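Containing compact mmCIF, C-alpha atoms and all ligand atoms: protein.txt.
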# COMPACT_ATOMS: atom_id res chain seq x y z
CA MET A 1 0.00 0.00 0.00
CA LEU A 2 1.04 3.55 -0.61
CA ARG A 3 1.84 5.42 2.61
CA PHE A 4 3.11 8.94 3.03
CA LEU A 5 4.09 11.30 5.76
CA THR A 6 4.43 15.05 5.49
CA ALA A 7 6.18 17.58 7.71
CA GLY A 8 6.54 21.33 7.55
CA GLU A 9 4.96 24.54 8.76
CA SER A 10 3.22 26.96 6.45
CA HIS A 11 5.92 29.63 6.87
CA GLY A 12 8.78 27.34 7.83
CA PRO A 13 11.73 26.58 5.54
CA ALA A 14 10.08 23.74 3.59
CA LEU A 15 7.56 20.94 3.30
CA VAL A 16 9.10 17.48 3.55
CA ILE A 17 7.50 14.30 2.23
CA ILE A 18 8.35 10.60 2.54
CA VAL A 19 6.43 8.17 0.33
CA GLU A 20 6.63 4.44 0.88
CA GLY A 21 5.17 1.61 -1.18
CA LEU A 22 5.65 2.78 -4.74
CA PRO A 23 7.02 -0.29 -6.58
CA CYS A 24 10.29 -0.02 -8.50
CA GLY A 25 10.21 1.00 -12.15
CA VAL A 26 7.64 3.81 -11.94
CA GLU A 27 8.66 6.98 -13.76
CA VAL A 28 9.33 9.81 -11.31
CA SER A 29 9.51 13.14 -13.09
CA LYS A 30 10.21 16.46 -11.41
CA LYS A 31 8.56 18.17 -14.37
CA ARG A 32 5.35 16.18 -13.91
CA ILE A 33 5.26 16.83 -10.14
CA ASP A 34 5.93 20.55 -10.67
CA SER A 35 3.15 20.84 -13.22
CA GLU A 36 0.70 19.31 -10.71
CA LEU A 37 1.98 21.72 -8.04
CA ALA A 38 1.36 24.61 -10.42
CA ARG A 39 -2.23 23.43 -11.00
CA ARG A 40 -2.84 23.66 -7.21
CA GLN A 41 -1.77 27.29 -7.32
CA LEU A 42 -4.20 28.33 -10.05
CA GLY A 43 -7.51 30.10 -9.69
CA VAL A 44 -9.13 33.45 -9.00
CA GLY A 45 -9.50 34.15 -5.30
CA ARG A 46 -6.11 32.89 -4.15
CA GLY A 47 -4.21 35.11 -1.74
CA GLU A 48 -1.06 37.13 -2.28
CA ARG A 49 0.99 34.17 -1.04
CA MET A 50 0.43 32.30 -4.30
CA ARG A 51 2.21 35.08 -6.15
CA ILE A 52 5.29 34.52 -3.98
CA GLU A 53 5.32 30.72 -3.98
CA LYS A 54 6.18 28.99 -7.26
CA ASP A 55 6.22 25.49 -5.94
CA SER A 56 8.96 23.24 -7.18
CA VAL A 57 9.91 19.81 -5.86
CA GLU A 58 13.38 18.54 -5.01
CA ILE A 59 13.60 14.75 -5.18
CA LEU A 60 16.10 13.50 -2.60
CA SER A 61 15.93 9.71 -2.54
CA GLY A 62 14.31 6.54 -3.80
CA VAL A 63 14.82 7.41 -7.46
CA ARG A 64 17.55 6.63 -9.98
CA PHE A 65 17.67 7.67 -13.63
CA GLY A 66 14.06 8.87 -13.47
CA LYS A 67 12.57 5.64 -12.11
CA SER A 68 11.51 4.63 -8.59
CA LEU A 69 13.80 2.15 -6.82
CA GLY A 70 11.08 0.70 -4.58
CA SER A 71 12.72 2.32 -1.56
CA PRO A 72 11.13 5.29 0.27
CA ILE A 73 11.00 8.42 -1.85
CA ALA A 74 11.93 11.63 -0.05
CA MET A 75 10.89 14.98 -1.51
CA LEU A 76 11.16 18.60 -0.46
CA ILE A 77 9.20 21.71 -1.45
CA ARG A 78 10.83 24.91 -0.25
CA ASN A 79 8.68 27.78 1.02
CA ARG A 80 10.04 30.77 -0.86
CA ASP A 81 8.24 33.00 1.62
CA TRP A 82 10.54 31.66 4.38
CA ALA A 83 12.90 34.56 3.68
CA ASN A 84 10.21 36.92 5.06
CA TRP A 85 9.41 34.71 8.05
CA SER A 86 12.76 33.60 9.38
CA LYS A 87 12.37 35.74 12.52
CA THR A 88 8.73 34.81 13.24
CA MET A 89 9.40 31.14 12.55
CA ALA A 90 13.01 30.94 13.81
CA LEU A 91 14.05 27.36 14.48
CA GLU A 92 16.31 28.40 17.36
CA GLY A 93 16.52 31.13 20.00
CA ALA A 94 13.85 32.89 22.06
CA GLN A 95 10.52 34.26 20.79
CA GLU A 96 10.90 37.89 19.76
CA VAL A 97 7.56 38.34 18.04
CA GLU A 98 4.18 38.96 19.63
CA ALA A 99 2.00 35.92 20.29
CA ILE A 100 -1.32 35.60 18.45
CA THR A 101 -4.13 35.32 20.98
CA GLN A 102 -7.34 36.04 19.01
CA PRO A 103 -8.56 32.68 17.60
CA ARG A 104 -10.38 32.68 14.26
CA PRO A 105 -13.83 31.05 14.27
CA GLY A 106 -13.75 28.18 11.77
CA HIS A 107 -10.02 27.54 12.07
CA ALA A 108 -7.96 25.15 14.19
CA ASP A 109 -6.94 28.00 16.53
CA LEU A 110 -9.16 27.60 19.62
CA ALA A 111 -9.51 23.80 19.60
CA GLY A 112 -5.72 23.63 19.12
CA VAL A 113 -5.20 25.89 22.16
CA PHE A 114 -7.54 23.69 24.25
CA LYS A 115 -5.76 20.57 23.05
CA THR A 116 -2.13 21.64 23.48
CA GLY A 117 -2.28 24.35 26.13
CA GLN A 118 -0.12 26.64 24.00
CA LYS A 119 -0.39 30.39 24.37
CA ASP A 120 0.62 31.43 20.85
CA ILE A 121 -1.92 30.42 18.21
CA ARG A 122 0.81 30.53 15.56
CA ASN A 123 2.17 27.30 17.04
CA ILE A 124 -1.06 25.64 15.89
CA LEU A 125 -2.04 27.47 12.74
CA GLU A 126 1.29 26.99 11.01
CA ARG A 127 0.73 23.25 10.74
CA ALA A 128 -3.07 23.40 10.46
CA SER A 129 -2.67 25.56 7.36
CA ALA A 130 -3.62 24.09 3.99
CA ARG A 131 -0.09 24.83 2.77
CA GLU A 132 0.45 21.16 3.67
CA THR A 133 -1.76 20.18 0.75
CA ALA A 134 1.08 21.06 -1.65
CA ALA A 135 2.90 18.03 -0.23
CA ARG A 136 -0.14 15.85 -0.92
CA VAL A 137 -0.23 17.05 -4.52
CA ALA A 138 3.40 15.92 -4.96
CA VAL A 139 2.42 12.44 -3.71
CA GLY A 140 -0.69 12.55 -5.90
CA ALA A 141 1.52 13.17 -8.95
CA LEU A 142 3.36 9.90 -8.24
CA ALA A 143 0.06 8.06 -7.75
CA LYS A 144 -1.30 9.48 -11.01
CA THR A 145 1.80 8.36 -12.89
CA LEU A 146 1.41 4.84 -11.51
CA LEU A 147 -2.29 4.80 -12.45
CA SER A 148 -1.67 6.11 -15.97
CA GLY A 149 0.14 2.80 -16.69
CA PHE A 150 -3.22 1.10 -16.11
CA ASP A 151 -5.11 3.70 -18.21
CA ILE A 152 -6.71 5.09 -15.06
CA PHE A 153 -7.18 8.84 -15.36
CA ILE A 154 -8.32 11.28 -12.69
CA LEU A 155 -9.74 14.73 -13.17
CA SER A 156 -11.65 17.29 -11.16
CA HIS A 157 -13.86 20.25 -11.92
CA VAL A 158 -15.63 22.89 -9.87
CA VAL A 159 -19.42 22.67 -9.90
CA ARG A 160 -20.31 25.37 -7.40
CA ILE A 161 -18.85 28.50 -5.88
CA GLY A 162 -20.99 30.24 -3.27
CA ALA A 163 -24.46 30.60 -4.76
CA CYS A 164 -23.25 29.98 -8.36
CA GLU A 165 -23.94 26.44 -9.49
CA ALA A 166 -22.95 24.95 -12.85
CA ASN A 167 -25.89 23.38 -14.63
CA ILE A 168 -24.10 20.77 -16.73
CA ALA A 169 -25.95 17.81 -18.12
CA PHE A 170 -22.79 15.82 -18.94
CA THR A 171 -19.80 14.45 -17.10
CA PRO A 172 -16.44 15.88 -18.24
CA LYS A 173 -14.13 13.38 -19.93
CA PRO A 174 -10.33 13.12 -19.64
CA GLU A 175 -9.93 15.15 -22.84
CA ASP A 176 -11.80 18.05 -21.17
CA LEU A 177 -9.12 18.59 -18.55
CA LYS A 178 -7.27 21.24 -20.60
CA LYS A 179 -10.47 23.26 -20.95
CA ILE A 180 -11.19 22.92 -17.23
CA ASP A 181 -7.67 24.04 -16.26
CA ALA A 182 -7.97 27.00 -18.64
CA SER A 183 -10.99 28.31 -16.69
CA PRO A 184 -9.97 30.71 -13.88
CA VAL A 185 -12.26 28.75 -11.54
CA ARG A 186 -11.73 25.28 -13.13
CA CYS A 187 -15.38 25.14 -14.23
CA ILE A 188 -16.12 23.54 -17.61
CA ASP A 189 -19.17 25.68 -18.32
CA GLU A 190 -18.03 29.09 -19.60
CA LYS A 191 -21.14 31.03 -18.56
CA THR A 192 -21.05 29.69 -15.01
CA SER A 193 -17.31 30.20 -14.95
CA ASP A 194 -17.81 33.95 -15.65
CA ALA A 195 -20.53 34.16 -12.98
CA MET A 196 -18.26 32.39 -10.47
CA VAL A 197 -15.43 34.83 -11.17
CA LYS A 198 -17.85 37.75 -10.55
CA GLU A 199 -19.03 36.12 -7.31
CA ILE A 200 -15.41 35.82 -6.11
CA ARG A 201 -14.52 39.40 -7.10
CA LYS A 202 -17.56 40.63 -5.16
CA ALA A 203 -16.46 38.63 -2.09
CA VAL A 204 -12.96 40.17 -2.43
CA GLU A 205 -14.55 43.66 -2.48
CA ASP A 206 -16.65 42.80 0.57
CA GLU A 207 -13.59 41.37 2.36
CA ASP A 208 -15.56 38.14 2.73
CA SER A 209 -14.86 34.55 1.65
CA LEU A 210 -16.54 31.74 -0.29
CA GLY A 211 -16.73 27.96 -0.41
CA GLY A 212 -18.17 25.64 -3.01
CA VAL A 213 -18.35 22.13 -4.40
CA PHE A 214 -15.99 20.20 -6.66
CA GLU A 215 -16.32 16.83 -8.33
CA VAL A 216 -13.51 14.32 -8.85
CA LEU A 217 -13.81 11.57 -11.44
CA ALA A 218 -11.70 8.46 -11.90
CA TYR A 219 -11.90 6.89 -15.36
CA GLY A 220 -10.73 3.38 -16.24
CA VAL A 221 -10.86 1.90 -12.73
CA PRO A 222 -11.24 -1.90 -12.97
CA PRO A 223 -13.94 -3.62 -10.91
CA GLY A 224 -13.00 -5.20 -7.61
CA LEU A 225 -10.77 -2.57 -5.95
CA GLY A 226 -11.50 -2.22 -2.23
CA SER A 227 -13.43 -4.87 -0.36
CA TYR A 228 -16.78 -5.80 1.15
CA THR A 229 -15.08 -8.00 3.75
CA SER A 230 -13.88 -5.48 6.35
CA TRP A 231 -15.11 -2.01 7.23
CA ASN A 232 -11.71 -0.37 6.84
CA ARG A 233 -11.11 -1.78 3.36
CA ARG A 234 -14.32 -0.43 1.82
CA LEU A 235 -13.21 1.80 -1.03
CA ASP A 236 -15.98 4.36 -0.50
CA GLY A 237 -14.99 4.67 3.17
CA CYS A 238 -11.31 5.13 2.27
CA ILE A 239 -12.13 7.74 -0.37
CA ALA A 240 -14.51 9.66 1.91
CA ARG A 241 -11.88 9.82 4.64
CA ALA A 242 -9.18 10.91 2.20
CA LEU A 243 -11.31 13.71 0.75
CA MET A 244 -12.66 14.76 4.15
CA SER A 245 -9.09 15.11 5.42
CA ILE A 246 -8.55 18.09 3.12
CA PRO A 247 -8.85 21.23 5.26
CA ALA A 248 -12.27 22.94 4.95
CA ILE A 249 -13.98 19.94 3.29
CA LYS A 250 -17.19 19.38 5.23
CA GLY A 251 -19.16 16.99 3.04
CA VAL A 252 -18.31 14.15 0.66
CA GLU A 253 -20.73 12.19 -1.50
CA ILE A 254 -20.20 9.30 -3.87
CA GLY A 255 -22.36 9.15 -6.98
CA ASP A 256 -25.78 10.65 -6.36
CA GLY A 257 -25.06 10.50 -2.61
CA PHE A 258 -27.53 12.61 -0.67
CA GLU A 259 -30.04 12.69 -3.53
CA LEU A 260 -30.41 8.89 -3.34
CA ALA A 261 -31.79 9.25 0.17
CA GLY A 262 -34.97 10.81 -1.23
CA MET A 263 -35.50 8.33 -4.07
CA ARG A 264 -37.23 4.96 -4.31
CA GLY A 265 -35.12 1.84 -4.77
CA SER A 266 -36.69 1.18 -8.16
CA VAL A 267 -35.21 4.36 -9.62
CA SER A 268 -32.03 4.76 -7.58
CA HIS A 269 -29.96 1.71 -8.57
CA ASP A 270 -28.04 1.11 -11.78
CA GLU A 271 -29.50 -1.84 -13.70
CA ILE A 272 -27.06 -4.41 -15.08
CA PHE A 273 -26.69 -5.21 -18.81
CA TYR A 274 -24.44 -7.46 -20.86
CA THR A 275 -23.32 -7.39 -24.50
CA PRO A 276 -20.37 -9.35 -25.93
CA SER A 277 -18.65 -6.11 -26.97
CA LYS A 278 -19.21 -4.12 -23.76
CA GLY A 279 -19.33 -7.04 -21.28
CA PHE A 280 -21.22 -6.29 -18.06
CA HIS A 281 -22.14 -2.63 -17.96
CA ARG A 282 -24.61 -0.02 -16.69
CA GLU A 283 -26.53 2.67 -18.50
CA THR A 284 -26.66 4.91 -15.44
CA ASN A 285 -24.05 5.58 -12.73
CA ARG A 286 -25.95 6.78 -9.68
CA ALA A 287 -23.72 4.64 -7.47
CA GLY A 288 -20.69 6.64 -8.62
CA GLY A 289 -18.73 3.51 -9.58
CA ILE A 290 -18.73 1.87 -6.14
CA GLU A 291 -21.01 -0.87 -4.80
CA GLY A 292 -20.44 -2.91 -1.64
CA GLY A 293 -17.21 -1.06 -0.87
CA MET A 294 -15.70 -2.08 -4.24
CA SER A 295 -15.23 -0.39 -7.58
CA ASN A 296 -17.78 -1.83 -10.03
CA GLY A 297 -16.04 -0.89 -13.27
CA GLU A 298 -17.96 2.35 -13.88
CA THR A 299 -16.43 5.81 -13.52
CA ILE A 300 -15.84 6.73 -9.87
CA VAL A 301 -17.64 9.98 -9.09
CA VAL A 302 -16.95 11.84 -5.84
CA ARG A 303 -18.18 15.28 -4.83
CA ALA A 304 -16.82 17.36 -1.96
CA ALA A 305 -18.25 20.46 -0.29
CA MET A 306 -15.80 23.11 0.91
CA LYS A 307 -16.82 25.64 3.53
CA PRO A 308 -15.87 29.34 3.11
CA ILE A 309 -12.29 30.27 4.10
CA PRO A 310 -12.22 31.18 7.82
CA THR A 311 -9.63 33.99 7.72
CA LEU A 312 -11.65 37.08 6.89
CA GLY A 313 -10.73 40.63 5.87
CA LYS A 314 -13.53 41.78 8.17
CA PRO A 315 -12.96 39.38 11.05
CA LEU A 316 -15.68 37.77 13.19
CA ARG A 317 -15.99 38.22 16.93
CA THR A 318 -13.89 36.04 19.16
CA VAL A 319 -12.41 35.99 22.67
CA ASP A 320 -8.76 36.71 23.45
CA ILE A 321 -7.32 33.51 24.96
CA VAL A 322 -5.25 35.47 27.52
CA THR A 323 -7.38 38.51 28.50
CA LYS A 324 -10.76 36.76 27.90
CA GLU A 325 -11.99 40.02 26.37
CA GLN A 326 -14.37 40.05 23.39
CA VAL A 327 -12.25 41.08 20.41
CA PHE A 328 -12.09 40.51 16.65
CA ALA A 329 -10.26 37.49 15.28
CA PHE A 330 -6.74 38.07 14.03
CA LYS A 331 -6.23 38.28 10.29
CA GLU A 332 -3.40 37.67 7.91
CA ARG A 333 -3.02 37.24 4.20
CA ALA A 334 -5.50 34.62 3.05
CA ASP A 335 -7.35 33.18 0.09
CA VAL A 336 -10.88 34.42 -0.51
CA CYS A 337 -11.86 31.26 -2.35
CA ALA A 338 -9.72 28.15 -2.79
CA VAL A 339 -12.24 25.70 -4.28
CA PRO A 340 -10.35 25.34 -7.61
CA SER A 341 -7.15 24.46 -5.71
CA ALA A 342 -8.95 22.16 -3.30
CA ALA A 343 -10.27 20.28 -6.35
CA VAL A 344 -6.68 19.60 -7.47
CA VAL A 345 -5.89 18.39 -3.94
CA GLY A 346 -9.03 16.21 -4.22
CA GLU A 347 -7.65 14.65 -7.42
CA SER A 348 -4.44 13.84 -5.55
CA MET A 349 -6.23 12.25 -2.60
CA LEU A 350 -8.43 10.16 -4.91
CA ALA A 351 -5.37 9.11 -6.95
CA ILE A 352 -3.54 8.07 -3.76
CA GLU A 353 -6.51 5.99 -2.55
CA ILE A 354 -7.00 4.28 -5.91
CA ALA A 355 -3.26 3.65 -6.33
CA SER A 356 -3.25 2.15 -2.84
CA ALA A 357 -6.19 -0.12 -3.73
CA VAL A 358 -4.46 -1.17 -6.99
CA LEU A 359 -1.29 -2.05 -5.03
CA GLU A 360 -3.32 -3.94 -2.44
CA LYS A 361 -5.17 -6.02 -5.02
CA PHE A 362 -2.39 -6.72 -7.51
CA GLY A 363 0.73 -6.53 -5.32
CA GLY A 364 4.25 -6.85 -6.65
CA ASP A 365 7.58 -5.21 -5.93
CA SER A 366 8.06 -3.90 -9.45
CA LEU A 367 5.81 -2.16 -11.93
CA ASP A 368 6.27 -5.12 -14.30
CA GLU A 369 5.08 -7.59 -11.67
CA LEU A 370 2.14 -5.38 -10.76
CA MET A 371 1.19 -5.01 -14.43
CA HIS A 372 1.48 -8.77 -15.02
CA ASN A 373 -0.85 -9.50 -12.07
CA TYR A 374 -3.26 -6.82 -13.26
CA GLN A 375 -3.38 -8.18 -16.81
CA GLY A 376 -4.00 -11.71 -15.51
CA TYR A 377 -6.98 -10.42 -13.52
CA ILE A 378 -8.38 -8.49 -16.51
CA GLU A 379 -8.20 -11.72 -18.55
CA THR A 380 -10.27 -13.55 -15.91
CA LEU A 381 -12.98 -10.88 -16.21
CA LYS A 382 -13.40 -11.71 -19.92
CA GLY A 383 -14.25 -15.34 -19.16
C1 LIG B 401 -6.27 24.79 -0.95
C2 LIG B 401 -6.76 25.39 0.34
C3 LIG B 401 -6.40 26.70 0.66
C4 LIG B 401 -6.85 27.28 1.85
N1 LIG B 401 -6.49 28.57 2.13
C5 LIG B 401 -6.86 29.12 3.31
C6 LIG B 401 -6.47 30.45 3.65
O1 LIG B 401 -5.78 31.14 2.89
N2 LIG B 401 -6.88 30.94 4.85
C7 LIG B 401 -7.64 30.22 5.73
O2 LIG B 401 -7.99 30.70 6.78
N3 LIG B 401 -8.03 28.98 5.41
C8 LIG B 401 -7.67 28.39 4.25
N4 LIG B 401 -8.07 27.12 3.94
C9 LIG B 401 -8.97 26.40 4.88
C10 LIG B 401 -8.33 26.10 6.22
O3 LIG B 401 -7.08 25.45 6.05
C11 LIG B 401 -9.26 25.25 7.09
O4 LIG B 401 -10.53 25.82 7.11
C12 LIG B 401 -8.68 25.18 8.51
O5 LIG B 401 -7.47 24.46 8.51
C13 LIG B 401 -9.63 24.54 9.53
O6 LIG B 401 -9.93 23.22 9.18
P1 LIG B 401 -11.44 22.77 8.88
O7 LIG B 401 -12.05 23.83 8.01
O8 LIG B 401 -11.31 21.46 8.16
O9 LIG B 401 -12.15 22.66 10.19
C14 LIG B 401 -7.65 26.51 2.75
C15 LIG B 401 -7.99 25.20 2.42
C16 LIG B 401 -7.57 24.64 1.23
C17 LIG B 401 -7.93 23.23 0.90
The structure in this file should be written as structure tokens.
Amino acid sequence: MLRFLTAGESHGPALVIIVEGLPCGVEVSKKRIDSELARRQLGVGRGERMRIEKDSVEILSGVRFGKSLGSPIAMLIRNRDWANWSKTMALEGAQEVEAITQPRPGHADLAGVFKTGQKDIRNILERASARETAARVAVGALAKTLLSGFDIFILSHVVRIGACEANIAFTPKPEDLKKIDASPVRCIDEKTSDAMVKEIRKAVEDEDSLGGVFEVLAYGVPPGLGSYTSWNRRLDGCIARALMSIPAIKGVEIGDGFELAGMRGSVSHDEIFYTPSKGFHRETNRAGGIEGGMSNGETIVVRAAMKPIPTLGKPLRTVDIVTKEQVFAFKERADVCAVPSAAVVGESMLAIEIASAVLEKFGGDSLDELMHNYQGYIETLKG
């Protein structure tokens, strides 16, 4: 299985990543990882920080001549902004900067203070920050490369920002990704895209923030990934947890999710058909490609709801953790809307979960062995 660990504070020197479980022989390309990192930085509504950071990975171990060795892969993404924060985030010496004591509603600040007993909220927020998601995107790039060898392709698109909802009657296909990435809000529908941009600009003017909904799709996933046998191996459970772990994601649904709850059984399930050319297939995909905790061979469809960004230009009321006085929450540079970026992080998390499920089912220490096992299984499905 693919495991990874990240370290690093938002304004510290760097993010550090160790990935374990990638078999040997998988292409590891700095260019590919950097292009995924750049996609995370796109989008209207991002804060000033994104103009400073041009994320770029340094690969430190586990790779030789562009291919994985099967040993742990270590990577580093430097925070360019560190130069401006070396005093505030000094690794040694005594604290010379003022402590932050006004927790932001909606952020990790107050719960983190309760949990750790610390008196400077910066000690919590630096790690709670979504800057960490850049590290996940680097891991996601490796997972996507592995999956591309099996013709599994993952894409995301934004379907809602604030009150603006895209009314699209079709599901974007892998070839639509360029068009989606060209939209300033990663929405495939041009009209809605323009309306979303306006909505974000208005929120910027009002010093407010916005959330939204994105959809992640996985094409080409074979049936049988995940398992019905144990709760913790159910693919839908693993995917929901992975997506929910992205900061600010407050809802995840698979397929028609919440809508299914209001439907009758006779119209909510995907009937099964068979033709020699298509094999077993469905004409609808309300289940979002997962039944009984396993992929069923249809496209995996996951939607995630992101709440509005908690750091506000016009801060909400809070209580100072030291004086206990009613004050306004502290503010610093922040995104106004990060749904397009969160969608790219969502792609990474889905890719990591599916890659993990592929490795669990087909095993193997090398890409060749994995591929051989996979092809054997695909043959059995034809029988
Ligand atoms: C890509 C991305 C960028 C984000 N940018 C910010 C930001 O600039 N300011 C902020 O307060 N929160 C931002 N957030 C959300 C916070 O990280 C998140 O709300 C906070 O850590 C509390 O976690 P919770 O919302 O899951 O409870 C961002 C989230 C994502 C996924």
- ligand LIG 401 (chain B) proximity check over A:Thr229, A:Gln41, A:Thr116, A:Ser193, using all atoms listed in the file: winner is A:Gln41
- Counting all atoms listed in the file, name the residues that have an atom within 8 Å of an atom of ligand LIG 401 (chain B); the answer should be given as a ChimeraX atom specification. /A:40,46-47,106-108,125,128-131,133,244-250,306-312,333-342,345
- Message: For a quick check of understanding, using all atoms listed in the file, which of A:Ile73, A:Leu91, A:Ala182, A:Leu147 has the smallest distance to Pro222 in chain A?
- Response: A:Leu147
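Atom pair CA of Pro172 in chain A / CA of Val159 in chain A: separated by 11.2 Å.
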Please provide as a CSV table (one decimal) with C-alpha atoms, in the frame of the given file all residues within 7 Å of Pro103 in chain A, with the sequence filter that same-chain residues fewer than 3 positions apart are discarded (counting all atoms listed in the file).
chain,number,residue,atom,x,y,z
A,109,ASP,CA,-6.9,28.0,16.5
A,110,LEU,CA,-9.2,27.6,19.6
A,318,THR,CA,-13.9,36.0,19.2
A,329,ALA,CA,-10.3,37.5,15.3
A,330,PHE,CA,-6.7,38.1,14.0
- Which of these residues is nearest to Gly220 in chain A, using all atoms listed in the file: A:Leu60, A:Ile354, A:Ile77, A:Cys24?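 Closest candidate: A:Ile354.
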- Tell me which of A:Thr145, A:Thr380, A:Thr171, A:Thr88 sits closest to Lys30 in chain A, counting only C-alpha atoms. A:Thr145
- Between A:Asp194, A:Val322, A:Ala355, A:Tyr219, which is the closest to Gln118 in chain A once you count all atoms listed in the file? A:Val322
Kindly complete range 296-302 of chain A to all heavy atoms; the output should be written as a short mmCIF file (atom, residue, chain, number, x, y, z; two decimals), in the coordinates of the input.
data_model
loop_
_atom_site.label_atom_id
_atom_site.label_comp_id
_atom_site.auth_asym_id
_atom_site.auth_seq_id
_atom_site.Cartn_x
_atom_site.Cartn_y
_atom_site.Cartn_z
N ASN A 296 -16.96 -0.89 -9.23
CA ASN A 296 -17.78 -1.83 -10.03
C ASN A 296 -17.48 -1.73 -11.52
O ASN A 296 -18.19 -2.30 -12.34
CB ASN A 296 -19.28 -1.62 -9.75
CG ASN A 296 -19.76 -0.24 -10.20
OD1 ASN A 296 -19.01 0.52 -10.83
ND2 ASN A 296 -20.99 0.10 -9.89
N GLY A 297 -16.44 -0.98 -11.87
CA GLY A 297 -16.04 -0.89 -13.27
C GLY A 297 -16.55 0.37 -13.96
O GLY A 297 -16.11 0.70 -15.06
N GLU A 298 -17.48 1.08 -13.30
CA GLU A 298 -17.96 2.35 -13.88
C GLU A 298 -17.05 3.48 -13.36
O GLU A 298 -16.26 3.28 -12.44
CB GLU A 298 -19.42 2.60 -13.46
CG GLU A 298 -20.39 1.50 -13.86
CD GLU A 298 -20.51 1.27 -15.36
OE1 GLU A 298 -20.63 2.25 -16.10
OE2 GLU A 298 -20.46 0.10 -15.79
N THR A 299 -17.23 4.66 -13.96
CA THR A 299 -16.43 5.81 -13.52
C THR A 299 -16.71 6.13 -12.05
O THR A 299 -17.87 6.17 -11.63
CB THR A 299 -16.79 7.05 -14.38
OG1 THR A 299 -16.55 6.69 -15.74
CG2 THR A 299 -15.97 8.26 -14.01
N ILE A 300 -15.64 6.35 -11.29
CA ILE A 300 -15.84 6.73 -9.87
C ILE A 300 -16.12 8.23 -9.82
O ILE A 300 -15.38 9.04 -10.42
CB ILE A 300 -14.62 6.33 -9.02
CG1 ILE A 300 -14.56 4.79 -8.96
CG2 ILE A 300 -14.68 6.94 -7.62
CD1 ILE A 300 -13.51 4.20 -8.07
N VAL A 301 -17.20 8.57 -9.15
CA VAL A 301 -17.64 9.98 -9.09
C VAL A 301 -17.74 10.39 -7.61
O VAL A 301 -18.51 9.80 -6.86
CB VAL A 301 -19.03 10.17 -9.75
CG1 VAL A 301 -19.43 11.64 -9.76
CG2 VAL A 301 -19.06 9.59 -11.16
N VAL A 302 -16.94 11.37 -7.23
CA VAL A 302 -16.95 11.84 -5.84
C VAL A 302 -17.14 13.35 -5.83
O VAL A 302 -16.51 14.06 -6.64
CB VAL A 302 -15.59 11.54 -5.14
CG1 VAL A 302 -15.68 11.80 -3.65
CG2 VAL A 302 -15.13 10.13 -5.40
#
